[in-house]
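Enquirer: Data: my_file05.csv, CSV, N, CA and C atoms.
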chain,number,residue,atom,x,y,z
Y,1,MET,N,216.4,-102.2,-28.5
Y,1,MET,CA,217.7,-102.1,-29.2
Y,1,MET,C,218.7,-101.5,-28.2
Y,2,ASP,N,219.9,-102.1,-28.2
Y,2,ASP,CA,220.9,-101.6,-27.3
Y,2,ASP,C,221.7,-100.4,-27.9
Y,3,ASP,N,222.5,-99.7,-27.1
Y,3,ASP,CA,223.2,-98.5,-27.6
Y,3,ASP,C,224.2,-98.9,-28.7
Y,4,ASN,N,224.8,-100.0,-28.7
Y,4,ASN,CA,225.7,-100.4,-29.7
Y,4,ASN,C,225.1,-100.5,-31.1
Y,5,ALA,N,223.8,-100.9,-31.1
Y,5,ALA,CA,223.1,-101.0,-32.4
Y,5,ALA,C,222.9,-99.6,-33.0
Y,6,LEU,N,222.9,-98.6,-32.2
Y,6,LEU,CA,222.7,-97.2,-32.7
Y,6,LEU,C,223.9,-96.7,-33.4
Y,7,THR,N,225.1,-97.3,-33.0
Y,7,THR,CA,226.4,-96.8,-33.6
Y,7,THR,C,226.8,-97.6,-34.8
Y,8,GLU,N,226.0,-98.7,-35.1
Y,8,GLU,CA,226.3,-99.5,-36.3
Y,8,GLU,C,226.0,-98.7,-37.6
Y,9,LYS,N,226.6,-99.2,-38.7
Y,9,LYS,CA,226.3,-98.6,-39.9
Y,9,LYS,C,224.8,-98.7,-40.2
Y,10,PRO,N,224.1,-97.8,-40.9
Y,10,PRO,CA,222.7,-97.9,-41.1
Y,10,PRO,C,222.3,-99.2,-41.8
Y,11,ASP,N,223.1,-99.7,-42.7
Y,11,ASP,CA,222.7,-100.9,-43.4
Y,11,ASP,C,222.7,-102.1,-42.5
Y,12,LEU,N,223.5,-102.1,-41.5
Y,12,LEU,CA,223.5,-103.2,-40.5
Y,12,LEU,C,222.3,-103.2,-39.6
Y,13,ALA,N,221.9,-102.0,-39.2
Y,13,ALA,CA,220.7,-101.8,-38.4
Y,13,ALA,C,219.4,-102.2,-39.2
Y,14,LEU,N,219.4,-101.8,-40.5
Y,14,LEU,CA,218.3,-102.2,-41.3
Y,14,LEU,C,218.3,-103.6,-41.6
Y,15,GLY,N,219.4,-104.2,-41.8
Y,15,GLY,CA,219.5,-105.6,-42.0
Y,15,GLY,C,219.0,-106.4,-40.8
Y,16,TYR,N,219.2,-105.9,-39.6
Y,16,TYR,CA,218.7,-106.6,-38.4
Y,16,TYR,C,217.2,-106.5,-38.5
Y,17,LEU,N,216.6,-105.4,-38.8
Y,17,LEU,CA,215.2,-105.3,-38.8
Y,17,LEU,C,214.6,-106.2,-39.9
Y,18,LYS,N,215.2,-106.3,-41.0
Y,18,LYS,CA,214.7,-107.2,-42.1
Y,18,LYS,C,214.7,-108.7,-41.7
Y,19,LYS,N,215.6,-109.0,-40.8
Y,19,LYS,CA,215.7,-110.4,-40.4
Y,19,LYS,C,214.8,-110.8,-39.2
Y,20,GLN,N,214.2,-109.8,-38.6
Y,20,GLN,CA,213.4,-110.0,-37.4
Y,20,GLN,C,212.1,-110.7,-37.9
Y,21,ASP,N,211.7,-111.7,-37.1
Y,21,ASP,CA,210.5,-112.5,-37.4
Y,21,ASP,C,209.3,-111.7,-37.0
Y,22,LEU,N,208.4,-111.3,-38.0
Y,22,LEU,CA,207.3,-110.5,-37.8
Y,22,LEU,C,206.1,-111.3,-37.3
Y,23,HIS,N,206.1,-112.6,-37.4
Y,23,HIS,CA,205.0,-113.4,-37.0
Y,23,HIS,C,204.8,-113.4,-35.5
Y,24,ASP,N,205.8,-113.1,-34.8
Y,24,ASP,CA,205.7,-113.1,-33.3
Y,24,ASP,C,205.2,-111.8,-32.8
Y,25,LEU,N,205.0,-110.8,-33.6
Y,25,LEU,CA,204.6,-109.5,-33.2
Y,25,LEU,C,203.1,-109.4,-33.3
Y,26,SER,N,202.5,-108.7,-32.4
Y,26,SER,CA,201.0,-108.5,-32.4
Y,26,SER,C,200.7,-107.4,-33.4
Y,27,VAL,N,199.5,-107.2,-33.7
Y,27,VAL,CA,199.0,-106.2,-34.7
Y,27,VAL,C,199.4,-104.8,-34.1
Y,28,ASP,N,199.2,-104.6,-32.8
Y,28,ASP,CA,199.6,-103.3,-32.3
Y,28,ASP,C,201.1,-103.1,-32.3
Y,29,ASP,N,201.9,-104.1,-32.1
Y,29,ASP,CA,203.3,-104.0,-32.3
Y,29,ASP,C,203.7,-103.7,-33.7
Y,30,LEU,N,203.1,-104.3,-34.6
Y,30,LEU,CA,203.4,-104.0,-36.1
Y,30,LEU,C,203.0,-102.6,-36.4
Y,31,LYS,N,201.8,-102.1,-35.9
Y,31,LYS,CA,201.4,-100.7,-36.2
Y,31,LYS,C,202.4,-99.7,-35.5
Y,32,GLU,N,202.9,-100.0,-34.4
Y,32,GLU,CA,203.9,-99.2,-33.7
Y,32,GLU,C,205.2,-99.2,-34.5
Y,33,ARG,N,205.6,-100.3,-35.0
Y,33,ARG,CA,206.8,-100.4,-35.8
Y,33,ARG,C,206.7,-99.6,-37.1
Y,34,ILE,N,205.5,-99.7,-37.8
Y,34,ILE,CA,205.2,-98.9,-39.0
Y,34,ILE,C,205.3,-97.4,-38.7
Y,35,ALA,N,204.7,-97.0,-37.6
Y,35,ALA,CA,204.8,-95.6,-37.2
Y,35,ALA,C,206.2,-95.1,-37.0
Y,36,ALA,N,207.0,-96.0,-36.3
Y,36,ALA,CA,208.4,-95.6,-36.1
Y,36,ALA,C,209.2,-95.5,-37.4
Y,37,LEU,N,208.9,-96.5,-38.3
Y,37,LEU,CA,209.6,-96.4,-39.5
Y,37,LEU,C,209.2,-95.2,-40.4
Y,38,LYS,N,207.9,-94.9,-40.4
Y,38,LYS,CA,207.5,-93.7,-41.1
Y,38,LYS,C,208.1,-92.4,-40.5
Y,39,ALA,N,208.2,-92.4,-39.2
Y,39,ALA,CA,208.9,-91.2,-38.6
Y,39,ALA,C,210.4,-91.2,-39.0
Y,40,GLU,N,211.0,-92.3,-39.1
Y,40,GLU,CA,212.4,-92.3,-39.5
Y,40,GLU,C,212.6,-91.9,-41.0
Y,41,ILE,N,211.6,-92.3,-41.8
Y,41,ILE,CA,211.6,-91.9,-43.2
Y,41,ILE,C,211.5,-90.4,-43.3
Y,42,LEU,N,210.6,-89.8,-42.6
Y,42,LEU,CA,210.4,-88.4,-42.5
Y,42,LEU,C,211.7,-87.7,-42.1
Y,43,ARG,N,212.3,-88.2,-41.1
Y,43,ARG,CA,213.6,-87.6,-40.5
Y,43,ARG,C,214.6,-87.7,-41.6
Y,44,CYS,N,214.7,-88.8,-42.3
Y,44,CYS,CA,215.7,-88.9,-43.4
Y,44,CYS,C,215.4,-87.9,-44.6
Y,45,GLU,N,214.1,-87.8,-44.9
Y,45,GLU,CA,213.7,-86.9,-46.0
Y,45,GLU,C,214.1,-85.4,-45.6
Y,46,ASN,N,213.8,-85.1,-44.3
Y,46,ASN,CA,214.2,-83.7,-43.8
Y,46,ASN,C,215.7,-83.5,-43.9
Y,47,ALA,N,216.5,-84.5,-43.5
Y,47,ALA,CA,217.9,-84.4,-43.6
Y,47,ALA,C,218.4,-84.2,-45.1
Y,48,ILE,N,217.8,-84.9,-46.0
Y,48,ILE,CA,218.1,-84.7,-47.4
Y,48,ILE,C,217.7,-83.3,-47.8
Y,49,GLY,N,216.6,-82.8,-47.4
Y,49,GLY,CA,216.2,-81.5,-47.8
Y,49,GLY,C,217.1,-80.4,-47.2
Y,50,ASN,N,217.6,-80.6,-46.0
Y,50,ASN,CA,218.5,-79.7,-45.4
Y,50,ASN,C,219.9,-79.7,-46.1
Y,51,ARG,N,220.3,-80.8,-46.5
Y,51,ARG,CA,221.6,-80.9,-47.3
Y,51,ARG,C,221.4,-80.3,-48.6
Y,52,GLY,N,220.3,-80.4,-49.3
Y,52,GLY,CA,220.1,-79.8,-50.6
Y,52,GLY,C,220.2,-78.3,-50.5
Y,53,GLY,N,219.7,-77.7,-49.5
Y,53,GLY,CA,219.8,-76.3,-49.3
Y,53,GLY,C,221.2,-75.8,-49.1
Y,54,ALA,N,221.9,-76.6,-48.3
Y,54,ALA,CA,223.3,-76.3,-48.0
Y,54,ALA,C,224.2,-76.4,-49.3
Y,55,ARG,N,223.9,-77.4,-50.1
Y,55,ARG,CA,224.6,-77.6,-51.4
Y,55,ARG,C,224.3,-76.4,-52.3
Y,56,GLU,N,223.1,-76.0,-52.4
Y,56,GLU,CA,222.7,-74.8,-53.2
Y,56,GLU,C,223.5,-73.6,-52.8
Y,57,GLU,N,223.5,-73.3,-51.5
Y,57,GLU,CA,224.3,-72.2,-51.0
Y,57,GLU,C,225.7,-72.3,-51.3
Y,58,ALA,N,226.3,-73.4,-51.1
Y,58,ALA,CA,227.7,-73.6,-51.4
Y,58,ALA,C,228.0,-73.4,-52.9
Y,59,GLU,N,227.1,-73.9,-53.8
Y,59,GLU,CA,227.3,-73.7,-55.2
Y,59,GLU,C,227.2,-72.2,-55.6
Y,60,LYS,N,226.3,-71.4,-54.9
Y,60,LYS,CA,226.2,-70.0,-55.1
Y,60,LYS,C,227.5,-69.3,-54.8
Y,61,LEU,N,228.1,-69.7,-53.7
Y,61,LEU,CA,229.4,-69.1,-53.2
Y,61,LEU,C,230.5,-69.4,-54.2
Y,62,PHE,N,230.6,-70.6,-54.7
Y,62,PHE,CA,231.7,-70.9,-55.6
Y,62,PHE,C,231.5,-70.5,-57.1
Y,63,ASN,N,230.2,-70.2,-57.4
Y,63,ASN,CA,229.9,-69.8,-58.8
Y,63,ASN,C,230.0,-68.3,-59.0
Y,64,LEU,N,230.2,-67.6,-58.0
Y,64,LEU,CA,230.3,-66.1,-58.1
Y,64,LEU,C,231.5,-65.7,-58.7
What would you get if you wrote out this structure as structure tokens?

Expert:
Amino acid sequence: MDDNALTEKPDLALGYLKKQDLHDLSVDDLKERIAALKAEILRCENAIGNRGGAREEAEKLFNL
């Protein structure tokens, strides 16, 4: 993937992945892709968790 793809909106990058023909990929390539997607899901879940904590702290500040 080129550097421009990384600056695209997430839905565009995911749209590209959905359109990619998987029949041309080997089993090892597919396993590698799955591992990368799982790592990205974990990264997103961690980001959500971090934002939840920040929101709670902000709510504590404004509710005092």

Enquirer: Go ahead and compute the interatomic distance for atom CA of Pro10 of chain Y and atom CA of Leu25 of chain Y, in Å to one decimal.

Expert: 22.9 Å

Enquirer: Using atom C of Glu57 of chain Y and atom C of Leu42 of chain Y as the two end points, give the distance in Å to one decimal.

Expert: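 Computing the Euclidean distance for atom C of Glu57 of chain Y and atom C of Leu42 of chain Y yields 22.8 Å.
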
Enquirer: Using atom N of Gly53 of chain Y and atom CA of Asp11 of chain Y as the two end points, give the distance in Å to one decimal.

Expert: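 Going from atom N of Gly53 of chain Y over to atom CA of Asp11 of chain Y covers 24.2 Å.
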